[in-house]
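Structure first, then comments.
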Amino acid sequence: MFEFVTEKILKSEIDVFLDMIPYVSSKINRIDKLANIINTMKDSNLETMMMEDYTTNHCLNEKDVFHELLENKCVRELAPGVFAYAGLFLKVYEYFNKKIDAYAYQHFDNVIEEVYPVLFPVSEYIKGRYFENFPHYIMFQTKLNNNIETYEKFMSKKSLCTCMDEILEETTVPKNVLRHATCSPVYPYLENNVLENDALKCFLVSGKCFRNEELNIKELSRLNEFYMKEFVFVGNPEKISCFIEKSKELVRFWIDIFALNAKCETANDSFFASNYKKLKYFQLIGNSKLEYKLMIPNNKEYISCCSANYHRTHFSKPYNIKNANGDYCYTACFAFGIERLTYAFLSQKGLDVEKWDKETIEEIRQYVDIK
């Protein structure tokens, strides 16, 4: 155990410092290094701004539902930040999944729907510059070395404990990552494409995502493995803005029909510390990321459940996606965290369906059968 005086950190950056601590060594000199990195760039004094305010909506439930979900086996922890779902949680989870699909086909033209596996090539993560911004999130897939001796070592019960201690010596260099965002495979799909100047490609994509959250894991609000759906738009920037606005209307519909306590704020991604200040500045000054946050009533915390992300030409440049004029296309996505939406909804409504309002029950029953 050791103490660190947080007076060394700029007051505006305490939260990011606490968020990053789990990713560094416990050695004191490493903590000092983290503090120095965060303080290096001049503070931009940019604060998040409230764009939409629904925080006066009353929550039907204010009790802790997480432990009740565990007790009634609606969620079951398989590993830190990894859960299985059943019962009411699974029903509401399926509702959000189906509603998002239906909304895309109802409001967007020529939707390209794809479901992605979890593995994605390391080479594509390098090309997409994910290692520059999110090295702390990335998790890798590997396998045992291809030789008989390695296999026999793991098959032997007597040497199992020993070989588990030496497991890294017996595995290959990873060629794949476990994707941390759903939209990553969209850009290789369009590599070297030339779109008409006013064209817009619309993707509906989904899949399991993985983020190394270390000690930041919290209930169902922050997980190592989670399910994400996204609307991804590529092409004309004006049309992209219109489609992002149309995407926001789905969240506003939920806030209205379910009377959810929520807010929409400007935000920045959880970039790693050495890039944090610069990237935070560009995201906030350009309003390139907006988050819809829902309250967890029992602890009065707001968690991000949906986000609008304007990438501009960040992905089109490395993948050479252009329009007929030769300019790089713009890209953006609207992301939905299904676990977070489900958890926040149940936290505000409670687990007794009979106490829910008529409008809520009727909406959900259009897509799933709840008792």
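Chain labels run A, B, ... following the order of the structure tokens; each chain numbers its residues from 1, and ligands are numbered from 1 in the order shown.
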Show which residues sit within 8 Å of Thr360 of chain A, as a ChimeraX atom specification. Count only C-alpha atoms, and ignore same-chain residues fewer than 3 positions away. /A:257-258,356-357,363-364
Let me see the file: selected residues, N, CA, C and O atoms, as a compact mmCIF listing (two decimals), in the first residue's frame.
```txt
# COMPACT_ATOMS: atom_id res chain seq x y z
N ILE A 257 -41.14 7.61 -24.14
CA ILE A 257 -42.12 6.52 -23.91
C ILE A 257 -41.89 5.83 -22.58
O ILE A 257 -42.82 5.40 -21.91
N PHE A 258 -40.61 5.74 -22.14
CA PHE A 258 -40.29 5.08 -20.88
C PHE A 258 -40.12 6.07 -19.72
O PHE A 258 -39.85 5.65 -18.60
N TRP A 356 -44.91 -1.52 -13.82
CA TRP A 356 -44.55 -0.65 -14.94
C TRP A 356 -45.81 0.00 -15.51
O TRP A 356 -46.92 -0.54 -15.42
N ASP A 357 -45.62 1.16 -16.14
CA ASP A 357 -46.74 1.86 -16.76
C ASP A 357 -47.19 1.16 -18.04
O ASP A 357 -46.42 0.40 -18.65
N GLU A 363 -45.10 -1.04 -25.46
CA GLU A 363 -43.98 -0.86 -26.39
C GLU A 363 -43.09 -2.11 -26.42
O GLU A 363 -42.75 -2.61 -27.49
N ILE A 364 -42.73 -2.62 -25.26
CA ILE A 364 -41.82 -3.78 -25.21
C ILE A 364 -42.51 -5.02 -25.76
O ILE A 364 -41.88 -5.84 -26.45
```
Near Glu301 of chain A, within 12 Å and counting only C-alpha atoms, which residues show up once chain neighbours fewer than 3 positions away are dropped, as an NGL selection string? :A and (55 or 62 or 218 or 221 or 261-263 or 293-298 or 304 or 344 or 347-348)
Pick from A:Leu69, A:Cys202, A:Val234, A:Val173 nearest to Leu351 of chain A, counting only C-alpha atoms: A:Leu69
Could I get the residues of segment 51-161 of chain A with an atom no further than 8 Å from an atom of segment 222-225 of chain A, each paired with its nearest atom pair and that distance in Å to one decimal, using only C-alpha atoms, sorted by chain and residue number, as CSV?
```
residue,atom,partner,partner_atom,distance
A:Pro80,CA,A:Asn224,CA,7.4
A:Gly81,CA,A:Leu223,CA,4.3
A:Val82,CA,A:Glu225,CA,5.5
```
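Remark: for Val353 of chain A, the closest of the candidate residues A:Lys91, A:Lys63, A:Lys201, A:His107 is A:Lys91 (distances computed over only C-alpha atoms).
Distance annotation: of A:Ala86, A:Leu220, A:Ala102, A:Leu119, the residue with the minimal separation from His180 of chain A is A:Leu119; atom set is only C-alpha atoms.
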Do you have the atom CA of Gly128 of chain A-atom CA of Tyr187 of chain A distance handy? 8.7 Å
Excluding same-chain residues fewer than 6 positions from segment 327-331 of chain A, what lies within 10 Å of it counting only C-alpha atoms, as a VMD selection string? chain A and resid 187 193 to 197 199 to 201 232 to 241 309 to 321
Residue subset to file, keeping C-alpha atoms, as a JSON list (two decimals), in the first residue's frame:
```
[["chain", "number", "residue", "atom", "x", "y", "z"],
["A", 187, "TYR", "CA", -13.84, 0.62, -43.25],
["A", 193, "ASN", "CA", -14.13, 2.75, -52.95],
["A", 194, "VAL", "CA", -15.20, 5.91, -54.78],
["A", 195, "LEU", "CA", -18.66, 7.15, -53.79],
["A", 196, "GLU", "CA", -20.81, 9.66, -55.65],
["A", 197, "ASN", "CA", -20.48, 13.15, -54.21],
["A", 199, "ALA", "CA", -23.97, 9.42, -51.77],
["A", 200, "LEU", "CA", -24.28, 7.90, -48.33],
["A", 201, "LYS", "CA", -23.59, 4.33, -47.26],
["A", 232, "VAL", "CA", -22.43, 3.60, -39.38],
["A", 233, "PHE", "CA", -22.61, 6.28, -42.06],
["A", 234, "VAL", "CA", -20.04, 6.91, -44.80],
["A", 235, "GLY", "CA", -20.13, 9.62, -47.46],
["A", 236, "ASN", "CA", -21.49, 13.16, -47.70],
["A", 237, "PRO", "CA", -20.98, 15.11, -44.41],
["A", 238, "GLU", "CA", -24.30, 16.98, -44.63],
["A", 239, "LYS", "CA", -26.25, 13.76, -45.11],
["A", 240, "ILE", "CA", -24.28, 12.13, -42.30],
["A", 241, "SER", "CA", -25.34, 14.93, -39.94],
["A", 309, "ASN", "CA", -19.35, 9.85, -32.96],
["A", 310, "TYR", "CA", -18.16, 12.03, -35.85],
["A", 311, "HIS", "CA", -14.91, 10.58, -37.21],
["A", 312, "ARG", "CA", -14.61, 13.02, -40.12],
["A", 313, "THR", "CA", -11.76, 11.58, -42.29],
["A", 314, "HIS", "CA", -10.00, 9.63, -39.54],
["A", 315, "PHE", "CA", -10.92, 6.25, -41.09],
["A", 316, "SER", "CA", -11.44, 7.23, -44.72],
["A", 317, "LYS", "CA", -7.83, 8.39, -45.13],
["A", 318, "PRO", "CA", -6.06, 5.14, -44.18],
["A", 319, "TYR", "CA", -8.62, 3.13, -46.18],
["A", 320, "ASN", "CA", -8.65, 5.52, -49.15],
["A", 321, "ILE", "CA", -12.43, 6.00, -49.24]]
```
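Using only C-alpha atoms, the nearest neighbour of Val118 of chain A within the list A:Thr182, A:Asn299, A:Thr56, A:Ser288 is A:Thr182.
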Using only C-alpha atoms, determine which residues lie at most 8 Å from Tyr93 of chain A, disregarding the query and same-chain residues fewer than 2 positions distant; provide the list as a ChimeraX atom specification. /A:89-91,95-97,338-339,341-342
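Counting only C-alpha atoms and comparing A:Ile217, A:Ala324, A:Leu250, A:Cys333, the residue that lies closest to Leu290 of chain A is A:Cys333.
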Run DSSP on the backbone and grab whatever in segment 28-239 of chain A lands in strand (DSSP E or B); send it over as a ChimeraX atom specification. /A:50-54,75-79,82-85,112-115,119-121,139-141,144,171,176-178,194-195,200-210,218,222,225-235
Per DSSP on the backbone, filter segment 233-355 of chain A down to the residues in helix (DSSP H, G or I) and report them as a ChimeraX atom specification. /A:237-257,273-285,338-349,353-355
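If only C-alpha atoms are the atoms counted, then among A:Val65, A:Leu204, A:Ala84, A:Cys74 the closest residue to Tyr105 of chain A is A:Leu204.
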Non-local contacts of Gln106 of chain A (12 Å; only C-alpha atoms; under 4 positions in same chain excluded) as number ranges by chain: A: 99-102, 110-111, 246-247, 250
Store the residues of this selection in a file with N, CA and C atoms, as a PDB file, in the first residue's frame.
```
ATOM      1  N   LYS A  99     -35.524  -3.563 -31.525  1.00  0.00           N
ATOM      2  CA  LYS A  99     -36.022  -2.210 -31.797  1.00  0.00           C
ATOM      3  C   LYS A  99     -35.025  -1.435 -32.655  1.00  0.00           C
ATOM      4  N   ILE A 100     -33.740  -1.570 -32.350  1.00  0.00           N
ATOM      5  CA  ILE A 100     -32.708  -0.867 -33.119  1.00  0.00           C
ATOM      6  C   ILE A 100     -32.715  -1.345 -34.574  1.00  0.00           C
ATOM      7  N   ASP A 101     -32.816  -2.650 -34.774  1.00  0.00           N
ATOM      8  CA  ASP A 101     -32.882  -3.201 -36.137  1.00  0.00           C
ATOM      9  C   ASP A 101     -34.097  -2.641 -36.886  1.00  0.00           C
ATOM     10  N   ALA A 102     -35.258  -2.689 -36.248  1.00  0.00           N
ATOM     11  CA  ALA A 102     -36.484  -2.221 -36.888  1.00  0.00           C
ATOM     12  C   ALA A 102     -36.394  -0.745 -37.242  1.00  0.00           C
ATOM     13  N   ASN A 110     -31.516   1.509 -48.099  1.00  0.00           N
ATOM     14  CA  ASN A 110     -30.442   0.612 -48.561  1.00  0.00           C
ATOM     15  C   ASN A 110     -29.473   0.225 -47.441  1.00  0.00           C
ATOM     16  N   VAL A 111     -30.038  -0.209 -46.339  1.00  0.00           N
ATOM     17  CA  VAL A 111     -29.225  -0.591 -45.175  1.00  0.00           C
ATOM     18  C   VAL A 111     -28.390  -1.836 -45.498  1.00  0.00           C
ATOM     19  N   LYS A 246     -31.327  11.779 -37.071  1.00  0.00           N
ATOM     20  CA  LYS A 246     -32.408  10.790 -37.114  1.00  0.00           C
ATOM     21  C   LYS A 246     -32.147   9.660 -36.101  1.00  0.00           C
ATOM     22  N   SER A 247     -30.876   9.294 -35.907  1.00  0.00           N
ATOM     23  CA  SER A 247     -30.515   8.262 -34.926  1.00  0.00           C
ATOM     24  C   SER A 247     -30.834   8.717 -33.509  1.00  0.00           C
ATOM     25  N   LEU A 250     -34.355   8.039 -31.996  1.00  0.00           N
ATOM     26  CA  LEU A 250     -34.684   6.757 -31.366  1.00  0.00           C
ATOM     27  C   LEU A 250     -34.465   6.843 -29.856  1.00  0.00           C
TER      28      LEU A 250
END
```
